[in-house]
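**Q** Input: one structure, supplied below.
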Amino acid sequence: MEFSYIPIILSLKVAVAAVIIVTCSSIPIAGFMAKREFWGKDVVESIITLPLVLPPSVVGFMLLYFFGKNGPIGKLLEQWFHTRIVFTLAGAVIAAAVVAFPLMYQSVKASIESVDQNLEKAARTLGARELRVFFTITLPLAWNGIVAGLVLAFARSLGEFGATLMIAGNIPGKTQTMPIAIYFANEAGDTAQATILVIIMTVFSFLVIYGLNRWGKRSQRDPRGGTA
Amino acid sequence: MLKAHFKKELPTFELEIDISLSHGILALVGPSGAGKTTILQCIAGLQTPSWGGINIHDKAVFSSEDGTNVPIRNRRIGYVFQDYALFPHMSVEKNVVYGKPKKGSNSNKVLTITNVLEMFKIEHLRHRYPNQISGGEKQRVAFARALMTEPELLLLDEPLSALDHDTRSTLQQELLKLQAQWQIPFILVTHDVQEAEILGDQIIKLDHGKQEVIKKLNKAQRASI
């Protein structure tokens, strides 16, 4: 059988879209959670982190429930925008974003919390409003954690299998991402296709981890301390 | 002109302070844990007192009675932190210019970055980062940064404690000169009684949240030390 590179492109599309969603949502949420105390914070925090420990099939089942034809969100999307999520690439993006979110969130929150509060206080005494403090002090000093979270979230999105299969299915050329293509190629006895994809995924994952470690070491030596 | 009379609950005791300062340097001395930094942070607005009032230039910035609590950025207070709290990701120049008031603010002193860098003899450090300069230089940058905001009151939290003896004496003299030149009141926190005597026009000793000894030195006495 001829090698198809389409799963690679689909995987990259899904991972890039998921990382954009996760980045835009996790930074404000992590910023809020790191700075504010409120009743029930632990419960909210547990819910946010849940996809990290739940089996992908459970996440997939929940997503199907919410985004399915008769699910609360699926119904609204159908009525208002005449679109559906199940068995589309959008479904794969949502699945990837949900499982990658906790990784990014944890990393960003930990790095925001590790920023020296005296620096934020100093910025306030210099007349800065809270938003300026966040964008000029907190965020640049938490940059290492944000980049680390971003890379991990990208790798996790790229490798997402279980939840994606449940909500987006296995439609070649449409929703068949790399991990799913590997599984079904192997099932169908197409070892050549599976092997090439396995090698690509492994090399890519290795490069991500290697690059992250190298970058972490280099930024520790950065004279400006904290940022790249 | 500062008038502050307030209480603040701390984990092990209640801090009570009653100070008034119109010019010169007020030195707050006491062992660590006596609540010195808390006093500065309450005046600056970084912490909220549990009771009392703080007035700067006859304007209430805090009052527990009517619930006034002016945000830090509107109090016009310069603050030099114990470890200087320079922003590590910004060059000396960017640090100093961070708090520069926007054009059009009603200030009579017109400061440019070059003025301030020259005044503190740190112009050559302009493009360096905080961890590429010495302790004494960091201290000067922290001063320059605080003064760039054109404050009406300057709070100094153990500004000389991290420096070696020689640098310390030099900077003590510079601090006195600066105060005379700038003509705004300073509150200086220190655990070193000798330093308080050299620098303070007024000295307040704190122990377990109580103002214990208030010693007023006049300028002539100070000059003879």
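Going through the structure tokens in order, the chains are called A, B, and so on, while each chain numbers its residues from 1 and the ligands are numbered from 1 in the order shown.
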Write down, as a PDB file with N, CA and C atoms, in the first residue's frame, each residue of chain B that has any atom within 9 Å of an atom of chain A, counting only C-alpha atoms.
**A**
```pdb
ATOM      1  N   ALA B  44       2.683  52.382  52.381  1.00  0.00           N
ATOM      2  CA  ALA B  44       2.719  52.335  50.911  1.00  0.00           C
ATOM      3  C   ALA B  44       1.411  51.824  50.316  1.00  0.00           C
ATOM      4  N   GLY B  45       0.659  51.059  51.112  1.00  0.00           N
ATOM      5  CA  GLY B  45      -0.582  50.493  50.591  1.00  0.00           C
ATOM      6  C   GLY B  45      -0.440  49.055  50.141  1.00  0.00           C
ATOM      7  N   LEU B  46       0.697  48.434  50.462  1.00  0.00           N
ATOM      8  CA  LEU B  46       0.896  47.028  50.098  1.00  0.00           C
ATOM      9  C   LEU B  46       0.209  46.110  51.112  1.00  0.00           C
ATOM     10  N   ILE B  72      -2.153  51.892  45.812  1.00  0.00           N
ATOM     11  CA  ILE B  72      -0.725  52.192  45.897  1.00  0.00           C
ATOM     12  C   ILE B  72      -0.293  53.179  44.825  1.00  0.00           C
ATOM     13  N   ARG B  73      -0.765  52.940  43.592  1.00  0.00           N
ATOM     14  CA  ARG B  73      -0.261  53.746  42.480  1.00  0.00           C
ATOM     15  C   ARG B  73      -0.627  55.217  42.584  1.00  0.00           C
ATOM     16  N   ASN B  74      -1.648  55.545  43.428  1.00  0.00           N
ATOM     17  CA  ASN B  74      -2.026  56.950  43.575  1.00  0.00           C
ATOM     18  C   ASN B  74      -1.490  57.583  44.850  1.00  0.00           C
ATOM     19  N   ARG B  75      -0.630  56.874  45.577  1.00  0.00           N
ATOM     20  CA  ARG B  75      -0.154  57.431  46.846  1.00  0.00           C
ATOM     21  C   ARG B  75       1.101  58.276  46.698  1.00  0.00           C
ATOM     22  N   ARG B  76       1.740  58.204  45.551  1.00  0.00           N
ATOM     23  CA  ARG B  76       2.969  58.962  45.266  1.00  0.00           C
ATOM     24  C   ARG B  76       4.055  58.702  46.314  1.00  0.00           C
ATOM     25  N   ILE B  77       4.287  57.431  46.528  1.00  0.00           N
ATOM     26  CA  ILE B  77       5.295  57.014  47.495  1.00  0.00           C
ATOM     27  C   ILE B  77       6.372  56.221  46.774  1.00  0.00           C
ATOM     28  N   GLY B  78       7.625  56.569  47.031  1.00  0.00           N
ATOM     29  CA  GLY B  78       8.718  55.774  46.484  1.00  0.00           C
ATOM     30  C   GLY B  78       9.095  54.704  47.496  1.00  0.00           C
ATOM     31  N   TYR B  79       9.436  53.529  47.018  1.00  0.00           N
ATOM     32  CA  TYR B  79       9.724  52.422  47.939  1.00  0.00           C
ATOM     33  C   TYR B  79      10.994  51.719  47.471  1.00  0.00           C
ATOM     34  N   VAL B  80      11.987  51.660  48.352  1.00  0.00           N
ATOM     35  CA  VAL B  80      13.190  50.902  48.013  1.00  0.00           C
ATOM     36  C   VAL B  80      13.167  49.618  48.843  1.00  0.00           C
ATOM     37  N   PHE B  81      13.083  48.486  48.173  1.00  0.00           N
ATOM     38  CA  PHE B  81      12.943  47.204  48.865  1.00  0.00           C
ATOM     39  C   PHE B  81      14.278  46.719  49.421  1.00  0.00           C
ATOM     40  N   ASP B  83      15.765  43.843  49.211  1.00  0.00           N
ATOM     41  CA  ASP B  83      16.660  43.199  48.244  1.00  0.00           C
ATOM     42  C   ASP B  83      16.626  43.945  46.906  1.00  0.00           C
ATOM     43  N   TYR B  84      16.157  45.177  46.954  1.00  0.00           N
ATOM     44  CA  TYR B  84      16.062  46.117  45.815  1.00  0.00           C
ATOM     45  C   TYR B  84      14.957  45.789  44.827  1.00  0.00           C
ATOM     46  N   ALA B  85      14.587  44.493  44.727  1.00  0.00           N
ATOM     47  CA  ALA B  85      13.498  44.094  43.820  1.00  0.00           C
ATOM     48  C   ALA B  85      13.627  44.700  42.430  1.00  0.00           C
ATOM     49  N   LEU B  86      14.844  44.685  41.898  1.00  0.00           N
ATOM     50  CA  LEU B  86      15.016  45.152  40.513  1.00  0.00           C
ATOM     51  C   LEU B  86      14.451  44.080  39.589  1.00  0.00           C
ATOM     52  N   PHE B  87      13.853  44.504  38.484  1.00  0.00           N
ATOM     53  CA  PHE B  87      13.270  43.536  37.564  1.00  0.00           C
ATOM     54  C   PHE B  87      14.394  42.847  36.790  1.00  0.00           C
ATOM     55  N   PRO B  88      14.574  41.531  36.990  1.00  0.00           N
ATOM     56  CA  PRO B  88      15.752  40.862  36.438  1.00  0.00           C
ATOM     57  C   PRO B  88      15.754  40.788  34.914  1.00  0.00           C
ATOM     58  N   HIS B  89      14.566  40.908  34.306  1.00  0.00           N
ATOM     59  CA  HIS B  89      14.471  40.757  32.852  1.00  0.00           C
ATOM     60  C   HIS B  89      14.552  42.099  32.131  1.00  0.00           C
ATOM     61  N   MET B  90      14.802  43.160  32.892  1.00  0.00           N
ATOM     62  CA  MET B  90      14.880  44.474  32.242  1.00  0.00           C
ATOM     63  C   MET B  90      16.251  45.075  32.503  1.00  0.00           C
ATOM     64  N   SER B  91      16.738  45.841  31.529  1.00  0.00           N
ATOM     65  CA  SER B  91      18.023  46.515  31.705  1.00  0.00           C
ATOM     66  C   SER B  91      17.867  47.598  32.772  1.00  0.00           C
ATOM     67  N   TYR B  98      10.645  52.543  34.406  1.00  0.00           N
ATOM     68  CA  TYR B  98       9.365  51.828  34.576  1.00  0.00           C
ATOM     69  C   TYR B  98       8.286  52.697  35.237  1.00  0.00           C
ATOM     70  N   GLY B  99       8.709  53.455  36.242  1.00  0.00           N
ATOM     71  CA  GLY B  99       7.702  54.209  37.004  1.00  0.00           C
ATOM     72  C   GLY B  99       7.616  55.672  36.627  1.00  0.00           C
ATOM     73  N   LYS B 100       8.225  56.031  35.502  1.00  0.00           N
ATOM     74  CA  LYS B 100       8.215  57.442  35.094  1.00  0.00           C
ATOM     75  C   LYS B 100       6.768  57.879  34.832  1.00  0.00           C
ATOM     76  N   PRO B 101       6.350  58.977  35.493  1.00  0.00           N
ATOM     77  CA  PRO B 101       4.969  59.414  35.279  1.00  0.00           C
ATOM     78  C   PRO B 101       4.748  59.789  33.819  1.00  0.00           C
ATOM     79  N   TYR B 129      22.138  44.267  32.897  1.00  0.00           N
ATOM     80  CA  TYR B 129      21.020  43.668  33.607  1.00  0.00           C
ATOM     81  C   TYR B 129      21.357  43.584  35.095  1.00  0.00           C
ATOM     82  N   PRO B 130      20.321  43.567  35.975  1.00  0.00           N
ATOM     83  CA  PRO B 130      20.583  43.602  37.411  1.00  0.00           C
ATOM     84  C   PRO B 130      21.604  42.581  37.917  1.00  0.00           C
ATOM     85  N   ASN B 131      21.627  41.374  37.346  1.00  0.00           N
ATOM     86  CA  ASN B 131      22.607  40.425  37.901  1.00  0.00           C
ATOM     87  C   ASN B 131      23.996  40.578  37.275  1.00  0.00           C
ATOM     88  N   GLN B 132      24.182  41.660  36.521  1.00  0.00           N
ATOM     89  CA  GLN B 132      25.526  41.943  35.994  1.00  0.00           C
ATOM     90  C   GLN B 132      26.151  43.135  36.723  1.00  0.00           C
ATOM     91  N   ARG B 145      15.253  54.373  40.428  1.00  0.00           N
ATOM     92  CA  ARG B 145      13.936  53.926  39.985  1.00  0.00           C
ATOM     93  C   ARG B 145      12.831  54.525  40.861  1.00  0.00           C
ATOM     94  N   ALA B 146      13.073  54.539  42.185  1.00  0.00           N
ATOM     95  CA  ALA B 146      12.057  55.069  43.095  1.00  0.00           C
ATOM     96  C   ALA B 146      11.878  56.576  42.885  1.00  0.00           C
ATOM     97  N   MET B 148      12.427  58.310  40.195  1.00  0.00           N
ATOM     98  CA  MET B 148      11.906  58.615  38.864  1.00  0.00           C
ATOM     99  C   MET B 148      10.391  58.823  38.904  1.00  0.00           C
ATOM    100  N   THR B 149       9.725  58.242  39.903  1.00  0.00           N
ATOM    101  CA  THR B 149       8.266  58.396  39.998  1.00  0.00           C
ATOM    102  C   THR B 149       7.904  59.742  40.609  1.00  0.00           C
TER     103      THR B 149
END
```
**Q** What's around region 201-213 of chain A at 7 Å? Count only C-alpha atoms, leave out sequence neighbours fewer than 3 positions away in its own chain, and write the answer as a PyMOL selection string.
**A** chain A and resi 148+155+197-198+216-217
**Q** Counting only C-alpha atoms, what is within 9 Å of Ile6 (chain A), bar same-chain residues fewer than 4 positions away, as number ranges by chain?
**A** A: 10-11, 172-174, 176-178
**Q** Restrict the selected residues to N, CA and C atoms and save them as an mmCIF file, in the first residue's frame.
**A**
```
data_model
loop_
_atom_site.group_PDB
_atom_site.id
_atom_site.type_symbol
_atom_site.label_atom_id
_atom_site.label_comp_id
_atom_site.auth_asym_id
_atom_site.auth_seq_id
_atom_site.Cartn_x
_atom_site.Cartn_y
_atom_site.Cartn_z
ATOM 1 N N LEU A 10 -2.909 16.248 9.262
ATOM 2 C CA LEU A 10 -4.077 16.373 10.140
ATOM 3 C C LEU A 10 -3.647 16.508 11.594
ATOM 4 N N SER A 11 -2.667 15.692 12.004
ATOM 5 C CA SER A 11 -2.184 15.745 13.379
ATOM 6 C C SER A 11 -1.618 17.124 13.707
ATOM 7 N N PRO A 172 -10.401 8.325 7.289
ATOM 8 C CA PRO A 172 -9.145 8.645 6.588
ATOM 9 C C PRO A 172 -9.284 9.940 5.785
ATOM 10 N N GLY A 173 -8.274 10.790 5.889
ATOM 11 C CA GLY A 173 -8.290 12.039 5.133
ATOM 12 C C GLY A 173 -9.123 13.120 5.784
ATOM 13 N N LYS A 174 -9.867 12.756 6.837
ATOM 14 C CA LYS A 174 -10.719 13.768 7.464
ATOM 15 C C LYS A 174 -10.434 13.894 8.961
ATOM 16 N N GLN A 176 -8.540 11.159 10.563
ATOM 17 C CA GLN A 176 -7.563 10.139 10.947
ATOM 18 C C GLN A 176 -6.194 10.774 11.230
ATOM 19 N N THR A 177 -5.914 11.019 12.514
ATOM 20 C CA THR A 177 -4.633 11.611 12.901
ATOM 21 C C THR A 177 -3.568 10.513 13.001
ATOM 22 N N MET A 178 -2.322 10.912 13.263
ATOM 23 C CA MET A 178 -1.222 9.941 13.270
ATOM 24 C C MET A 178 -1.423 8.750 14.207
#
```
**Q** What gap, in Å, lies between CA of Lys69 (chain A) and CA of Asn170 (chain A)?
**A**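 For CA of Lys69 (chain A) relative to CA of Asn170 (chain A), the distance reads 18.3 Å.
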**Q** Which residues come within 6 Å of region 92-109 of chain A, counting only C-alpha atoms, excluding same-chain residues fewer than 4 positions away, as a VMD selection string?
**A** chain A and resid 14 18 22 26 30 34 49 51 145 to 146 149 153 156 to 157 160 163 to 164 168
**Q** Work out how far CA of Arg84 (chain A) is from CA of Tyr65 (chain A), in Å to one decimal.
**A**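 A separation of 13.0 Å between them.
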**Q** With distances taken over only C-alpha atoms, which residue among A:Ser219, A:Ser46, A:Ser57, A:Thr23 lies nearest Phe161 (chain A)?
**A**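 Ranked by minimum distance to Phe161 (chain A), first place goes to A:Ser57.
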**Q** Can you list every residue in chain A that DSSP puts in alpha helix (DSSP H), as a PyMOL selection string?
**A** chain A and resi 6-35+41-53+56-67+72-81+89-113+117-125+130-133+139-141+143-159+162-168+178-187+191-220
**Q** Excluding Ala194 (chain A) and residues on its chain fewer than 5 positions from it, collect all residues at most 8 Å away from it, counting only C-alpha atoms, and give them as a list of chain:residue names.
**A**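 Using only C-alpha atoms, the neighbours found are A:Ala181, A:Ile182, A:Tyr183, A:Ala185, A:Asn186.
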**Q** So that I have them on file, write out the residues from the current selection with N, CA and C atoms, as an mmCIF file, in the first residue's frame.
**A**
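See again30.cif below for the written result:
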```cif
data_model
loop_
_atom_site.group_PDB
_atom_site.id
_atom_site.type_symbol
_atom_site.label_atom_id
_atom_site.label_comp_id
_atom_site.auth_asym_id
_atom_site.auth_seq_id
_atom_site.Cartn_x
_atom_site.Cartn_y
_atom_site.Cartn_z
ATOM 1 N N ALA A 181 -4.060 6.529 12.824
ATOM 2 C CA ALA A 181 -3.600 5.871 11.585
ATOM 3 C C ALA A 181 -2.663 4.715 11.913
ATOM 4 N N ILE A 182 -1.799 4.910 12.930
ATOM 5 C CA ILE A 182 -0.877 3.836 13.329
ATOM 6 C C ILE A 182 -1.666 2.624 13.809
ATOM 7 N N TYR A 183 -2.640 2.880 14.676
ATOM 8 C CA TYR A 183 -3.426 1.784 15.232
ATOM 9 C C TYR A 183 -4.133 0.991 14.132
ATOM 10 N N ALA A 185 -3.562 1.024 10.825
ATOM 11 C CA ALA A 185 -2.632 0.432 9.854
ATOM 12 C C ALA A 185 -2.118 -0.893 10.398
ATOM 13 N N ASN A 186 -1.806 -0.900 11.673
ATOM 14 C CA ASN A 186 -1.306 -2.117 12.301
ATOM 15 C C ASN A 186 -2.385 -3.201 12.313
#
```
**Q** Mind checking which residues fall within 10 Å of Leu117 (chain B), counting only C-alpha atoms, ignoring those fewer than 6 positions away in the same chain, and posting them as a PyMOL selection string?
**A** chain B and resi 92-93+96+123-126+140-141+144-145+148
**Q** Determine the nearest neighbour of Leu12 (chain A) from the options A:Ala110, A:Ile196, A:Val133, A:Leu89, counting only C-alpha atoms.
**A**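 With only C-alpha atoms as the atom set, the closest residue is A:Leu89.
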**Q** Between CA of Glu16 (chain B) and CA of Ile39 (chain B), what is the distance in Å, rounded to a tenth?
**A**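 A separation of 9.1 Å between them.
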**Q** For a quick check of understanding, using only C-alpha atoms, which of B:Ile184, B:Pro71, B:Ser161, B:Gln82 has the smallest distance to Leu147 (chain B)?
**A**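 Of B:Ile184, B:Pro71, B:Ser161, B:Gln82, the one nearest Leu147 (chain B), counting only C-alpha atoms, is B:Ile184.
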**Q** Could you give me, as a PyMOL selection string, the residues within 7 Å of Ser20 (chain B), counting only C-alpha atoms and dropping anything in the same chain fewer than 4 positions from it?
**A** chain B and resi 2-4
**Q** For each of B:Ser134, B:Ile203, B:Gln183, B:Asp157, take the minimum atom-to-atom distance to Ser32 (chain B), counting only C-alpha atoms, then give the residue where this is smallest.
**A**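 Between B:Ser134, B:Ile203, B:Gln183, B:Asp157, the residue approaching Ser32 (chain B) most closely is B:Asp157.
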**Q** Check the smallest atom-to-atom distance from each of B:His191, B:Lys94, B:Arg128, B:His5 to Thr37 (chain B) using only C-alpha atoms, then report the winner.
**A**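 Among the listed residues, B:His191 lies closest to Thr37 (chain B).
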**Q** As a PyMOL selection string, please: all residues of region 133-206 of chain B that backbone DSSP puts in strand (DSSP E).
**A** chain B and resi 153-157+186-190+202-206
**Q** With N, CA and C atoms retained, export the selected residues as an mmCIF file, in the first residue's frame.
**A**
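Generated file (part.cif):
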```
data_model
loop_
_atom_site.group_PDB
_atom_site.id
_atom_site.type_symbol
_atom_site.label_atom_id
_atom_site.label_comp_id
_atom_site.auth_asym_id
_atom_site.auth_seq_id
_atom_site.Cartn_x
_atom_site.Cartn_y
_atom_site.Cartn_z
ATOM 1 N N LEU B 153 7.183 61.044 49.240
ATOM 2 C CA LEU B 153 7.696 60.399 50.450
ATOM 3 C C LEU B 153 8.481 59.180 49.989
ATOM 4 N N LEU B 154 9.635 58.946 50.608
ATOM 5 C CA LEU B 154 10.428 57.791 50.187
ATOM 6 C C LEU B 154 10.568 56.816 51.348
ATOM 7 N N LEU B 155 10.219 55.562 51.101
ATOM 8 C CA LEU B 155 10.323 54.528 52.132
ATOM 9 C C LEU B 155 11.499 53.613 51.792
ATOM 10 N N LEU B 156 12.355 53.385 52.772
ATOM 11 C CA LEU B 156 13.555 52.580 52.524
ATOM 12 C C LEU B 156 13.593 51.410 53.490
ATOM 13 N N ASP B 157 13.516 50.199 52.959
ATOM 14 C CA ASP B 157 13.507 49.017 53.816
ATOM 15 C C ASP B 157 14.908 48.406 53.877
ATOM 16 N N PHE B 186 11.985 61.012 54.296
ATOM 17 C CA PHE B 186 12.342 59.598 54.109
ATOM 18 C C PHE B 186 11.960 58.833 55.373
ATOM 19 N N ILE B 187 11.480 57.628 55.213
ATOM 20 C CA ILE B 187 11.395 56.734 56.376
ATOM 21 C C ILE B 187 12.333 55.572 56.101
ATOM 22 N N LEU B 188 13.247 55.362 57.039
ATOM 23 C CA LEU B 188 14.278 54.355 56.839
ATOM 24 C C LEU B 188 14.143 53.268 57.892
ATOM 25 N N VAL B 189 14.044 52.044 57.451
ATOM 26 C CA VAL B 189 13.976 50.919 58.376
ATOM 27 C C VAL B 189 15.360 50.301 58.490
ATOM 28 N N THR B 190 15.803 50.054 59.702
ATOM 29 C CA THR B 190 17.108 49.406 59.877
ATOM 30 C C THR B 190 17.130 48.621 61.188
ATOM 31 N N GLN B 202 14.847 61.735 63.315
ATOM 32 C CA GLN B 202 13.991 61.190 64.366
ATOM 33 C C GLN B 202 14.276 59.696 64.418
ATOM 34 N N ILE B 203 14.274 59.136 65.620
ATOM 35 C CA ILE B 203 14.472 57.689 65.701
ATOM 36 C C ILE B 203 13.340 57.079 66.512
ATOM 37 N N ILE B 204 12.748 56.047 65.975
ATOM 38 C CA ILE B 204 11.710 55.336 66.709
ATOM 39 C C ILE B 204 12.137 53.890 66.844
ATOM 40 N N LYS B 205 12.103 53.436 68.097
ATOM 41 C CA LYS B 205 12.514 52.059 68.338
ATOM 42 C C LYS B 205 11.268 51.204 68.514
ATOM 43 N N LEU B 206 11.252 50.086 67.844
ATOM 44 C CA LEU B 206 10.081 49.214 67.910
ATOM 45 C C LEU B 206 10.430 47.919 68.603
#
```
